[in-house]
>>> print(open('upload09.txt').read())   # compact mmCIF, C-alpha atoms and all ligand atoms
# COMPACT_ATOMS: atom_id res chain seq x y z
CA MET K 23 25.21 -8.66 -52.60
CA LEU K 24 26.89 -6.03 -50.50
CA ILE K 25 25.43 -2.50 -50.67
CA LYS K 26 28.26 -0.02 -50.20
CA ARG K 27 26.10 3.05 -49.96
CA VAL K 28 22.78 4.57 -51.08
CA HIS K 29 21.63 8.10 -51.67
CA ALA K 30 18.86 10.14 -53.31
CA ARG K 31 18.12 13.51 -54.85
CA GLN K 32 15.05 15.46 -55.83
CA VAL K 33 14.56 15.62 -59.62
CA LEU K 34 11.61 16.54 -61.88
CA ASP K 35 8.98 14.37 -63.53
CA SER K 36 7.18 14.85 -66.86
CA ARG K 37 4.71 17.33 -65.32
CA GLY K 38 7.52 19.39 -63.79
CA ASN K 39 6.75 18.08 -60.32
CA PRO K 40 9.50 16.88 -58.00
CA THR K 41 10.16 13.17 -57.71
CA VAL K 42 12.76 10.88 -56.15
CA TRP K 43 15.94 9.79 -57.91
CA ALA K 44 17.78 7.16 -55.89
CA GLU K 45 21.06 5.32 -56.29
CA VAL K 46 22.57 2.12 -54.91
CA LEU K 47 26.35 1.66 -55.02
CA THR K 48 27.88 -1.82 -55.05
CA GLN K 49 31.23 -3.37 -56.05
CA LYS K 50 29.94 -3.36 -59.63
CA GLY K 51 29.19 0.37 -59.78
CA ALA K 52 26.30 2.81 -59.33
CA PHE K 53 22.69 1.87 -60.17
CA SER K 54 19.85 4.35 -60.08
CA ALA K 55 16.12 4.68 -60.64
CA MET K 56 13.44 7.40 -60.71
CA VAL K 57 9.98 7.12 -59.21
CA PRO K 58 6.76 7.88 -61.15
CA SER K 59 3.69 9.67 -59.80
CA GLY K 60 -0.05 9.53 -60.51
CA ALA K 61 -2.73 12.22 -60.88
CA SER K 62 -5.87 10.09 -60.70
CA THR K 63 -4.48 8.20 -57.72
CA GLY K 64 -6.41 5.52 -55.88
CA LYS K 65 -7.13 6.32 -52.25
CA HIS K 66 -5.81 2.92 -51.12
CA GLU K 67 -2.36 3.40 -52.68
CA ALA K 68 0.78 3.35 -50.55
CA LEU K 69 1.65 6.85 -49.44
CA GLU K 70 3.68 9.11 -51.69
CA LEU K 71 5.49 11.41 -49.28
CA ARG K 72 5.22 15.10 -50.28
CA ASP K 73 6.67 17.97 -48.26
CA LYS K 74 3.51 20.12 -48.16
CA ASP K 75 5.59 23.26 -47.60
CA SER K 76 6.09 26.36 -49.75
CA ALA K 77 8.41 24.78 -52.35
CA PHE K 78 6.85 23.50 -55.59
CA GLY K 79 3.36 24.25 -54.29
CA GLY K 80 3.83 21.69 -51.53
CA ASN K 81 4.87 18.94 -53.98
CA GLY K 82 8.53 18.74 -52.95
CA VAL K 83 9.93 15.32 -52.01
CA GLN K 84 12.84 16.44 -49.83
CA LYS K 85 11.49 14.48 -46.85
CA ALA K 86 11.47 11.27 -48.92
CA VAL K 87 14.98 12.10 -50.18
CA SER K 88 16.12 12.69 -46.63
CA ASN K 89 14.59 9.36 -45.56
CA VAL K 90 16.77 7.63 -48.16
CA ASN K 91 19.87 9.58 -47.19
CA ASN K 92 19.38 8.99 -43.47
CA GLN K 93 17.12 6.20 -42.21
CA ILE K 94 17.37 3.91 -45.25
CA SER K 95 21.06 4.58 -45.70
CA LYS K 96 21.76 3.63 -42.06
CA ALA K 97 19.76 0.43 -42.42
CA VAL K 98 21.25 -0.87 -45.67
CA SER K 99 24.72 0.64 -46.23
CA GLY K 100 27.52 -1.84 -45.61
CA LYS K 101 24.99 -4.69 -45.43
CA ASP K 102 24.75 -7.82 -47.49
CA PHE K 103 21.32 -8.73 -48.90
CA SER K 104 20.97 -12.12 -50.51
CA SER K 105 17.91 -11.31 -52.63
CA GLN K 106 15.48 -8.64 -53.77
CA LYS K 107 13.01 -9.92 -51.22
CA GLU K 108 15.50 -9.63 -48.37
CA LEU K 109 16.21 -6.00 -49.26
CA ASP K 110 12.52 -5.15 -49.74
CA ASP K 111 11.53 -6.88 -46.50
CA ALA K 112 14.17 -4.82 -44.68
CA LEU K 113 12.68 -1.62 -46.13
CA ILE K 114 9.13 -2.71 -45.19
CA LYS K 115 10.25 -3.53 -41.64
CA LEU K 116 12.11 -0.26 -41.30
CA ASP K 117 9.02 1.66 -42.43
CA GLY K 118 6.80 -0.33 -40.07
CA THR K 119 3.44 0.97 -41.39
CA LYS K 120 0.77 -0.61 -43.56
CA ASN K 121 0.75 2.15 -46.18
CA LYS K 122 4.45 3.09 -46.09
CA SER K 123 3.64 6.45 -44.57
CA ASN K 124 6.76 6.55 -42.46
CA LEU K 125 9.49 6.40 -45.10
CA GLY K 126 7.20 7.13 -48.07
CA ALA K 127 6.58 4.65 -50.89
CA ASN K 128 8.50 6.99 -53.20
CA ALA K 129 11.64 6.73 -51.02
CA MET K 130 11.36 2.95 -50.74
CA LEU K 131 10.64 2.32 -54.42
CA GLY K 132 13.62 4.38 -55.57
CA ILE K 133 15.94 2.11 -53.58
CA SER K 134 14.04 -1.07 -54.42
CA MET K 135 14.30 -0.50 -58.20
CA SER K 136 17.92 0.62 -58.00
CA TYR K 137 18.70 -2.57 -56.09
CA THR K 138 17.08 -4.68 -58.86
CA ARG K 139 19.41 -3.05 -61.38
CA ALA K 140 22.42 -3.56 -59.11
CA LEU K 141 21.56 -7.23 -58.54
CA ALA K 142 21.12 -7.86 -62.27
CA ALA K 143 24.57 -6.34 -62.88
CA GLU K 144 26.03 -8.48 -60.08
CA LYS K 145 24.66 -11.58 -61.79
CA GLY K 146 25.70 -10.34 -65.23
CA ILE K 147 22.17 -10.57 -66.61
CA ALA K 148 19.56 -8.16 -67.95
CA VAL K 149 17.02 -6.69 -65.53
CA TYR K 150 14.19 -8.50 -67.35
CA ASP K 151 16.04 -11.80 -66.88
CA LEU K 152 16.41 -11.15 -63.17
CA VAL K 153 12.70 -10.32 -62.88
CA ALA K 154 11.91 -13.55 -64.77
CA GLN K 155 14.11 -15.51 -62.33
CA ILE K 156 12.44 -13.97 -59.30
CA ALA K 157 8.97 -14.54 -60.76
CA GLY K 158 9.77 -18.11 -61.86
CA GLN K 159 8.84 -17.07 -65.39
CA LYS K 160 10.48 -19.36 -67.94
CA ARG K 161 9.56 -17.27 -70.95
CA PRO K 162 10.18 -13.52 -70.90
CA LEU K 163 7.70 -11.95 -73.32
CA LEU K 164 7.30 -8.64 -75.07
CA PRO K 165 3.89 -7.11 -74.38
CA ILE K 166 0.96 -6.05 -76.50
CA PRO K 167 0.94 -2.30 -75.86
CA GLN K 168 -2.13 -0.32 -74.81
CA LEU K 169 -1.39 3.05 -76.48
CA ASN K 170 -3.30 5.99 -75.04
CA VAL K 171 -4.08 8.17 -78.07
CA LEU K 172 -6.95 10.32 -76.76
CA ASN K 173 -6.50 11.77 -73.29
CA GLY K 174 -9.40 12.88 -71.12
CA GLY K 175 -10.35 13.33 -67.47
CA LYS K 176 -7.70 14.49 -65.02
CA HIS K 177 -4.92 13.99 -67.59
CA ALA K 178 -6.51 16.62 -69.82
CA GLY K 179 -7.84 19.07 -67.26
CA LYS K 180 -11.41 17.78 -67.63
CA GLU K 181 -14.08 16.57 -65.25
CA ASN K 182 -16.72 13.86 -65.57
CA ASP K 183 -14.84 12.28 -68.42
CA ILE K 184 -13.39 8.94 -69.56
CA GLN K 185 -9.65 9.24 -68.99
CA GLU K 186 -7.90 7.03 -71.55
CA HIS K 187 -8.84 5.83 -75.05
CA MET K 188 -6.26 3.31 -76.16
CA LEU K 189 -5.24 1.40 -79.27
CA MET K 190 -4.38 -2.25 -78.72
CA PRO K 191 -2.54 -3.64 -81.75
CA MET K 192 -3.47 -7.25 -81.00
CA ASN K 193 -3.00 -9.13 -84.22
CA PHE K 194 0.67 -8.72 -85.05
CA SER K 195 3.50 -11.20 -84.96
CA SER K 196 6.03 -8.97 -83.22
CA PHE K 197 6.16 -6.11 -80.74
CA SER K 198 7.88 -3.82 -83.23
CA ASP K 199 5.15 -4.43 -85.84
CA ALA K 200 2.48 -3.73 -83.21
CA LEU K 201 4.20 -0.53 -82.09
CA GLN K 202 4.62 0.62 -85.69
CA ALA K 203 0.90 0.08 -86.34
CA GLY K 204 0.05 2.02 -83.18
CA ALA K 205 2.40 4.90 -84.04
CA GLU K 206 1.17 5.12 -87.65
CA THR K 207 -2.44 5.15 -86.50
CA TYR K 208 -1.59 7.85 -83.94
CA HIS K 209 -0.29 10.04 -86.78
CA VAL K 210 -3.33 9.35 -88.98
CA LEU K 211 -5.55 10.30 -86.05
CA LYS K 212 -3.59 13.52 -85.63
CA LYS K 213 -4.20 14.44 -89.29
CA MET K 214 -7.90 13.65 -88.99
CA LEU K 215 -8.22 15.79 -85.86
CA LYS K 216 -6.38 18.68 -87.46
CA LYS K 217 -8.64 18.53 -90.52
CA LYS K 218 -11.81 18.33 -88.44
CA PHE K 219 -11.05 20.83 -85.66
CA GLY K 220 -7.79 22.66 -86.46
CA SER K 221 -4.35 22.43 -84.82
CA GLN K 222 -5.61 23.10 -81.29
CA ALA K 223 -7.21 19.65 -81.32
CA THR K 224 -3.81 17.99 -81.62
CA LEU K 225 -2.38 19.40 -78.39
CA LEU K 226 -1.31 16.68 -76.00
CA GLY K 227 -2.45 15.58 -72.55
CA ASP K 228 -0.27 14.22 -69.74
CA GLU K 229 0.20 10.82 -71.37
CA GLY K 230 0.89 12.07 -74.90
CA GLY K 231 -2.59 11.50 -76.34
CA PHE K 232 -4.55 14.23 -78.14
CA VAL K 233 -7.20 16.29 -76.37
CA PRO K 234 -9.77 17.19 -79.05
CA PRO K 235 -12.97 19.12 -78.36
CA MET K 236 -15.04 15.93 -78.51
CA GLU K 237 -17.22 15.54 -75.45
CA ASN K 238 -19.02 12.40 -76.57
CA VAL K 239 -17.14 9.15 -75.94
CA GLU K 240 -18.87 7.44 -78.87
CA ASP K 241 -17.60 10.13 -81.27
CA ARG K 242 -14.05 9.59 -79.96
CA LEU K 243 -14.24 5.83 -80.41
CA GLU K 244 -15.76 6.22 -83.88
CA LEU K 245 -12.85 8.42 -84.91
CA MET K 246 -10.31 5.97 -83.50
CA LEU K 247 -11.79 3.14 -85.54
CA LEU K 248 -11.75 5.34 -88.65
CA ALA K 249 -8.08 6.15 -88.01
CA CYS K 250 -7.30 2.41 -87.74
CA GLU K 251 -9.05 1.82 -91.08
CA GLU K 252 -7.33 4.73 -92.77
CA ALA K 253 -3.93 3.63 -91.46
CA GLY K 254 -4.59 0.28 -93.14
CA TYR K 255 -4.91 -1.83 -89.99
CA GLY K 256 -8.68 -2.15 -89.57
CA LYS K 257 -9.54 -4.96 -87.21
CA LYS K 258 -5.90 -5.78 -86.42
CA ILE K 259 -6.13 -3.03 -83.80
CA SER K 260 -8.66 -3.20 -80.98
CA ILE K 261 -9.71 -0.56 -78.47
CA ALA K 262 -9.23 -0.44 -74.70
CA LEU K 263 -10.52 2.14 -72.21
CA ASP K 264 -9.42 3.35 -68.80
CA CYS K 265 -12.50 5.08 -67.45
CA ALA K 266 -10.84 6.03 -64.12
CA SER K 267 -14.40 6.18 -62.85
CA SER K 268 -13.50 6.94 -59.20
CA GLU K 269 -12.97 10.46 -60.57
CA PHE K 270 -16.59 10.83 -61.69
CA PHE K 271 -18.35 8.89 -58.92
CA GLU K 272 -20.22 10.84 -56.27
CA ASN K 273 -23.11 9.97 -53.96
CA GLY K 274 -23.68 6.62 -55.64
CA LYS K 275 -23.89 8.08 -59.17
CA TYR K 276 -21.48 8.15 -62.09
CA SER K 277 -21.44 11.31 -64.25
CA ILE K 278 -19.99 11.25 -67.77
CA GLY K 279 -20.48 14.61 -69.46
CA ALA K 280 -24.02 15.72 -68.72
CA LYS K 281 -25.28 12.15 -68.21
CA SER K 282 -25.72 10.49 -64.83
CA PHE K 283 -25.69 6.70 -64.38
CA SER K 284 -26.33 4.19 -61.62
CA ALA K 285 -23.75 1.35 -61.54
CA GLY K 286 -26.23 -0.89 -63.38
CA GLU K 287 -26.90 1.74 -66.05
CA LEU K 288 -23.16 2.31 -66.45
CA SER K 289 -22.62 -1.43 -66.99
CA ASP K 290 -25.28 -1.34 -69.71
CA PHE K 291 -23.61 1.72 -71.25
CA TYR K 292 -20.26 -0.12 -71.35
CA ALA K 293 -21.91 -3.24 -72.77
CA GLY K 294 -23.26 -1.06 -75.59
CA LEU K 295 -19.77 0.35 -76.30
CA VAL K 296 -18.28 -3.15 -76.30
CA GLU K 297 -20.90 -4.28 -78.81
CA LYS K 298 -20.59 -1.25 -81.08
CA PHE K 299 -16.83 -0.63 -81.02
CA GLY K 300 -15.38 -4.07 -80.25
CA ILE K 301 -13.73 -2.87 -77.04
CA VAL K 302 -11.57 -5.65 -75.54
CA SER K 303 -10.56 -4.16 -72.21
CA ILE K 304 -12.07 -1.72 -69.69
CA GLU K 305 -10.06 -0.47 -66.71
CA ASP K 306 -11.67 1.03 -63.61
CA GLY K 307 -15.14 0.82 -65.09
CA MET K 308 -16.43 1.20 -61.54
CA ALA K 309 -15.15 3.27 -58.60
CA GLU K 310 -12.49 2.11 -56.13
CA ASP K 311 -14.90 1.09 -53.34
CA ASP K 312 -18.01 0.30 -55.35
CA TRP K 313 -17.63 -3.47 -54.91
CA GLN K 314 -21.27 -4.09 -55.83
CA GLY K 315 -20.85 -2.14 -59.07
CA TRP K 316 -17.70 -4.12 -59.94
CA LYS K 317 -19.45 -7.44 -59.27
CA GLU K 318 -22.35 -6.46 -61.53
CA LEU K 319 -19.98 -5.33 -64.26
CA ASN K 320 -17.89 -8.48 -64.01
CA SER K 321 -20.90 -10.75 -64.16
CA LYS K 322 -22.19 -8.84 -67.20
CA LEU K 323 -18.96 -8.48 -69.21
CA GLY K 324 -16.24 -10.50 -67.45
CA LYS K 325 -16.63 -13.53 -69.73
CA LYS K 326 -16.37 -11.38 -72.81
CA ILE K 327 -13.68 -8.77 -72.15
CA GLN K 328 -10.84 -7.90 -69.81
CA LEU K 329 -11.92 -5.88 -66.75
CA VAL K 330 -8.84 -4.30 -65.20
CA GLY K 331 -8.64 -3.15 -61.58
CA ASP K 332 -6.41 -0.13 -61.01
CA ASP K 333 -7.73 2.11 -58.18
CA LEU K 334 -9.73 -0.93 -57.05
CA LEU K 335 -6.65 -3.13 -56.46
CA VAL K 336 -3.76 -0.65 -56.11
CA THR K 337 -1.28 -3.51 -56.79
CA ASN K 338 -2.02 -4.76 -53.29
CA VAL K 339 -2.44 -8.50 -52.74
CA GLU K 340 -4.87 -7.95 -49.86
CA ARG K 341 -7.25 -5.97 -52.06
CA MET K 342 -6.69 -8.48 -54.86
CA LYS K 343 -7.72 -11.35 -52.57
CA THR K 344 -11.00 -9.57 -51.82
CA ALA K 345 -11.56 -8.95 -55.53
CA ILE K 346 -10.88 -12.62 -56.31
CA GLU K 347 -13.30 -13.75 -53.63
CA GLU K 348 -15.95 -11.24 -54.70
CA LYS K 349 -15.41 -12.00 -58.41
CA ALA K 350 -15.08 -8.26 -58.95
CA CYS K 351 -12.75 -8.19 -61.99
CA ASN K 352 -10.44 -10.41 -64.04
CA SER K 353 -7.24 -8.42 -64.52
CA LEU K 354 -4.59 -6.56 -62.51
CA LEU K 355 -3.16 -3.17 -63.41
CA LEU K 356 0.33 -3.27 -61.96
CA LYS K 357 1.87 0.06 -60.93
CA VAL K 358 5.06 -0.25 -58.90
CA ASN K 359 4.58 2.99 -56.95
CA GLN K 360 1.11 2.00 -55.78
CA ILE K 361 2.73 -0.59 -53.51
CA GLY K 362 6.29 0.70 -53.16
CA THR K 363 8.63 -2.28 -53.67
CA VAL K 364 9.62 -4.50 -56.58
CA SER K 365 9.02 -7.71 -54.59
CA GLU K 366 5.46 -6.80 -53.69
CA SER K 367 4.78 -5.82 -57.31
CA ILE K 368 6.00 -9.23 -58.46
CA ASP K 369 3.89 -10.92 -55.75
CA ALA K 370 0.81 -9.13 -57.12
CA ALA K 371 1.56 -10.38 -60.65
CA LEU K 372 2.05 -13.93 -59.35
CA LEU K 373 -1.28 -13.85 -57.50
CA ALA K 374 -2.96 -12.60 -60.68
CA LYS K 375 -1.43 -15.47 -62.62
CA ARG K 376 -2.50 -18.09 -60.06
CA SER K 377 -6.01 -16.65 -60.18
CA ASN K 378 -6.17 -16.93 -63.94
CA TRP K 379 -6.24 -13.15 -64.30
CA SER K 380 -4.25 -11.17 -66.83
CA THR K 381 -1.78 -8.46 -65.76
CA VAL K 382 -1.13 -5.13 -67.45
CA VAL K 383 2.10 -3.40 -66.34
CA SER K 384 1.48 0.35 -66.23
CA HIS K 385 3.23 3.70 -66.12
CA ARG K 386 1.85 6.71 -64.19
CA SER K 387 0.65 9.94 -65.74
CA GLY K 388 3.65 11.62 -64.12
CA GLU K 389 6.68 9.76 -65.49
CA THR K 390 10.40 10.13 -66.06
CA GLU K 391 12.85 8.79 -68.62
CA ASP K 392 13.32 5.73 -66.42
CA ALA K 393 12.33 2.60 -68.37
CA PHE K 394 12.37 0.09 -65.49
CA ILE K 395 8.79 -1.02 -66.17
CA ALA K 396 9.76 -2.14 -69.70
CA ASP K 397 12.10 -4.73 -68.20
CA LEU K 398 9.48 -5.56 -65.58
CA VAL K 399 6.74 -6.37 -68.08
CA VAL K 400 9.08 -8.53 -70.17
CA GLY K 401 10.42 -10.41 -67.14
CA LEU K 402 6.95 -11.06 -65.76
CA GLY K 403 5.94 -12.43 -69.16
CA CYS K 404 2.41 -11.14 -68.57
CA GLY K 405 1.93 -9.95 -72.13
CA GLN K 406 0.44 -6.45 -71.78
CA SER K 407 1.81 -2.96 -71.14
CA LYS K 408 0.20 0.45 -70.66
CA PHE K 409 2.88 3.07 -71.27
CA GLY K 410 0.89 5.92 -72.89
CA ALA K 411 1.02 7.35 -76.40
CA PRO K 412 3.88 6.62 -78.81
CA ALA K 413 5.04 10.21 -78.19
CA ARG K 414 6.80 12.28 -75.49
CA SER K 415 10.13 10.94 -74.33
CA GLU K 416 8.99 9.80 -70.88
CA ARG K 417 6.58 7.39 -72.67
CA VAL K 418 8.81 6.57 -75.62
CA ALA K 419 11.73 5.68 -73.30
CA LYS K 420 9.76 2.56 -72.35
CA TYR K 421 8.86 1.65 -75.93
CA ASN K 422 12.44 2.16 -77.04
CA ARG K 423 13.69 -0.11 -74.26
CA LEU K 424 11.24 -2.79 -75.45
CA LEU K 425 12.57 -2.36 -79.01
CA GLN K 426 16.09 -2.89 -77.64
CA ILE K 427 15.03 -6.03 -75.78
CA GLU K 428 13.16 -7.54 -78.74
CA PRO K 429 16.18 -8.92 -80.63
CA GLN K 430 17.61 -10.34 -77.40
CA LEU K 431 14.71 -12.75 -76.91
CA ALA K 432 14.28 -16.11 -78.56
CA ARG K 433 11.99 -15.85 -81.57
CA GLU K 434 9.26 -18.02 -80.09
CA SER K 435 9.08 -15.96 -76.90
CA VAL K 436 8.70 -12.62 -78.55
CA PHE K 437 5.01 -11.85 -78.51
CA SER K 438 1.85 -13.38 -77.23
CA ALA K 439 -1.76 -12.28 -76.99
CA ARG K 440 -2.93 -12.62 -73.42
CA ILE K 441 -6.33 -11.00 -73.40
CA LEU K 442 -8.58 -12.78 -70.99
CA ARG K 443 -11.83 -13.92 -72.54
CA GLY K 444 -13.10 -16.13 -69.71
C1 LIG R 1 -4.19 5.36 -64.62
O1 LIG R 1 -5.19 5.78 -64.05
O2 LIG R 1 -4.14 4.20 -65.03
C2 LIG R 1 -3.03 6.24 -64.82
C3 LIG R 1 -1.94 5.82 -65.45
O3 LIG R 1 -3.16 7.50 -64.33
P1 LIG R 1 -2.48 8.05 -62.99
O4 LIG R 1 -1.04 7.72 -63.07
O5 LIG R 1 -2.77 9.51 -63.05
O6 LIG R 1 -3.17 7.35 -61.86
MG MG R 2 -6.18 3.67 -64.39
>>> encode(input="upload09.txt", output="structure tokens", more="lines below")
Ligand code: PEP
Ligand code: MG
Amino acid sequence: MLIKRVHARQVLDSRGNPTVWAEVLTQKGAFSAMVPSGASTGKHEALELRDKDSAFGGNGVQKAVSNVNNQISKAVSGKDFSSQKELDDALIKLDGTKNKSNLGANAMLGISMSYTRALAAEKGIAVYDLVAQIAGQKRPLLPIPQLNVLNGGKHAGKENDIQEHMLMPMNFSSFSDALQAGAETYHVLKKMLKKKFGSQATLLGDEGGFVPPMENVEDRLELMLLACEEAGYGKKISIALDCASSEFFENGKYSIGAKSFSAGELSDFYAGLVEKFGIVSIEDGMAEDDWQGWKELNSKLGKKIQLVGDDLLVTNVERMKTAIEEKACNSLLLKVNQIGTVSESIDAALLAKRSNWSTVVSHRSGETEDAFIADLVVGLGCGQSKFGAPARSERVAKYNRLLQIEPQLARESVFSARILRG
């Protein structure tokens, strides 16, 4: 497909920080995408280029925008690329660094995602169908959503805290039923919090979950289970956590609230939570470079629940290969901006699949109204999404896209539980 021209602009994300909007123009029209941005970022992620000058407290992305408008534009405008991979490989070669620090992963991803949309239009198919073709996935699937209803840690201005407490509506026969159960439970939880603590407790964190004055993780989980009961769903909804533990790891110790844990003690703590609250998935239970801690955790809980690597893996096949060899976890958190191109994101999902791991396609805490990852999760057919609370438009844009896709899929390919249980 011939790219006529590309360009980019600086726009704002859900936190009011600048991010990259990019556009690819072809014979079929103009196709654009916006790039998300994390707060609890892993240190091994591809580089997000920020201006570090006086504008927006140093968070401007004009350098990345300029890289699209100059270097990338020169390399791809007027050129014919036969596939997503050919375009992405050209971007990777042009950047020439391991962590995309030359062009910036934000510049590259904006063009990579826009190209996916342009190519789908060229072929006259939906973006999720194109992703399925590239991934060799015969059955596009709607995901089971992980809905982040209680926000903590960096997303709520807190320290030494579990970051995400999520509802997983597992036992439903369609995505829309699962989402409805999650949204209803979210509202029941809101009422319970208001009754218990007053309206202040229902203010929202970065991902749309509530931030109540509840310091104890067990109290939070207890309340979530009560909300599930009261909403009438009981055991049809399970609980997942993203501990984002790199944020509370220092000098070999993990601190949650006033408590300090060794990796072994933290594994025991998690095992207790799994037992008591029926948790089915824990993300970043250990810190990004604590391989020993991950191995201990995986040998303790990996047969029983899903252990998701986010900061550990950073959607990077090289880090995944180490994790597979070391038996460090059993699931990939896939974030497109951690690696910077669509092709490499799909490669990570394919490696997860070959390794008998599950994959959870994820948003970032800084998002936009772009719903690309909704098509991505369906096309990959990996069965799980993590797009935040069922509230705030930058989160809901993804859920609403999934609701639009649902009737387009064959009945038998609509929904499938893919929690890894060893
Ligand atoms: C996460 O840690 O999984 C997450 C979505 O947060 P952030 O985007 O801040 O890394
Ligand atoms: Mg995470």
>>> residues_around(input="upload09.txt", residues="stretch 250-267 of chain K", least_positions_apart="5", cutoff="6 Å", atoms="all atoms listed in the file", output="tab-separated table (two decimals) with C-alpha atoms, in the coordinates of the input")
chain	number	residue	atom	x	y	z
K	184	ILE	CA	-13.39	8.94	-69.56
K	185	GLN	CA	-9.65	9.24	-68.99
K	186	GLU	CA	-7.90	7.03	-71.55
K	187	HIS	CA	-8.84	5.83	-75.05
K	188	MET	CA	-6.26	3.31	-76.16
K	189	LEU	CA	-5.24	1.40	-79.27
K	190	MET	CA	-4.38	-2.25	-78.72
K	191	PRO	CA	-2.54	-3.64	-81.75
K	192	MET	CA	-3.47	-7.25	-81.00
K	193	ASN	CA	-3.00	-9.13	-84.22
K	207	THR	CA	-2.44	5.15	-86.50
K	301	ILE	CA	-13.73	-2.87	-77.04
K	302	VAL	CA	-11.57	-5.65	-75.54
K	303	SER	CA	-10.56	-4.16	-72.21
K	304	ILE	CA	-12.07	-1.72	-69.69
K	305	GLU	CA	-10.06	-0.47	-66.71
K	306	ASP	CA	-11.67	1.03	-63.61
K	307	GLY	CA	-15.14	0.82	-65.09
K	308	MET	CA	-16.43	1.20	-61.54
K	309	ALA	CA	-15.15	3.27	-58.60
>>> closest_residue(input="upload09.txt", among="K:Lys343, K:Trp313, K:Asn182, K:Leu373", to="K:Glu272", atoms="all atoms listed in the file")
K:Asn182
>>> residues_around(input="upload09.txt", residues="stretch 82-95 of chain K", least_positions_apart="5", cutoff="10 Å", atoms="only C-alpha atoms", output="PyMOL selection string")
chain K and resi 25-34+39-46+70-77+100+112-113+116-117+124-130+132-133
>>> residues_around(input="upload09.txt", residues="K:Pro235", least_positions_apart="2", cutoff="12 Å", atoms="only C-alpha atoms", output="short mmCIF file (atom, residue, chain, number, x, y, z; two decimals) with C-alpha atoms, keeping the file's coordinate frame")
data_model
loop_
_atom_site.label_atom_id
_atom_site.label_comp_id
_atom_site.auth_asym_id
_atom_site.auth_seq_id
_atom_site.Cartn_x
_atom_site.Cartn_y
_atom_site.Cartn_z
CA LEU K 172 -6.95 10.32 -76.76
CA ASN K 173 -6.50 11.77 -73.29
CA GLY K 174 -9.40 12.88 -71.12
CA ALA K 178 -6.51 16.62 -69.82
CA LYS K 180 -11.41 17.78 -67.63
CA LEU K 215 -8.22 15.79 -85.86
CA LYS K 216 -6.38 18.68 -87.46
CA LYS K 218 -11.81 18.33 -88.44
CA PHE K 219 -11.05 20.83 -85.66
CA GLY K 220 -7.79 22.66 -86.46
CA SER K 221 -4.35 22.43 -84.82
CA GLN K 222 -5.61 23.10 -81.29
CA ALA K 223 -7.21 19.65 -81.32
CA THR K 224 -3.81 17.99 -81.62
CA LEU K 225 -2.38 19.40 -78.39
CA PHE K 232 -4.55 14.23 -78.14
CA VAL K 233 -7.20 16.29 -76.37
CA GLU K 237 -17.22 15.54 -75.45
CA ASN K 238 -19.02 12.40 -76.57
CA VAL K 239 -17.14 9.15 -75.94
CA ASP K 241 -17.60 10.13 -81.27
CA ARG K 242 -14.05 9.59 -79.96
#
>>> closest_atom_pairs(input="upload09.txt", of="chain K", to="ligand LIG 1 (chain R)", cutoff="7 Å", atoms="all atoms listed in the file", output="tab-separated table")
residue	atom	partner	partner_atom	distance
K:Ser59	CA	R:LIG1	O4	6.1
K:Gly60	CA	R:LIG1	O4	3.3
K:Ala61	CA	R:LIG1	O5	3.5
K:Ser62	CA	R:LIG1	O5	3.9
K:Thr63	CA	R:LIG1	O6	4.4
K:His177	CA	R:LIG1	O5	6.7
K:Asp264	CA	R:LIG1	O2	6.5
K:Ala266	CA	R:LIG1	O1	5.7
K:Asp332	CA	R:LIG1	O2	6.3
K:Ser384	CA	R:LIG1	C3	6.5
K:His385	CA	R:LIG1	C3	5.6
K:Arg386	CA	R:LIG1	O4	3.3
K:Ser387	CA	R:LIG1	O4	3.9
K:Gly388	CA	R:LIG1	O4	6.2
>>> axis_aligned_box(input="upload09.txt", around="stretch 411-421 of chain K", padding_each_side="6 Å", output="AutoDock Vina command-line options")
--center_x 6.4 --center_y 7.0 --center_z -74.8 --size_x 22.7 --size_y 22.6 --size_z 19.9
>>> residues_around(input="upload09.txt", residues="K:Asp290", least_positions_apart="6", cutoff="12 Å", atoms="only C-alpha atoms", output="list in words")
Phe283, Ser284, Val296, Glu297, Gly307, Gly315, Glu318, Leu319, Asn320, Ser321, Lys322 and Leu323 of chain K
>>> residues_around(input="upload09.txt", residues="stretch 369-372 of chain K", least_positions_apart="6", cutoff="7 Å", atoms="all atoms listed in the file", output="ChimeraX atom specification")
/K:337-339,381
>>> write_last_selection(input="upload09.txt", atoms="C-alpha atoms", output="tab-separated table (two decimals), in the coordinates of the input")
chain	number	residue	atom	x	y	z
K	337	THR	CA	-1.28	-3.51	-56.79
K	338	ASN	CA	-2.02	-4.76	-53.29
K	339	VAL	CA	-2.44	-8.50	-52.74
K	381	THR	CA	-1.78	-8.46	-65.76
>>> atom_distance(input="upload09.txt", atom1="atom CA of K:Glu391", atom2="atom CA of K:Glu416")
4.6 Å
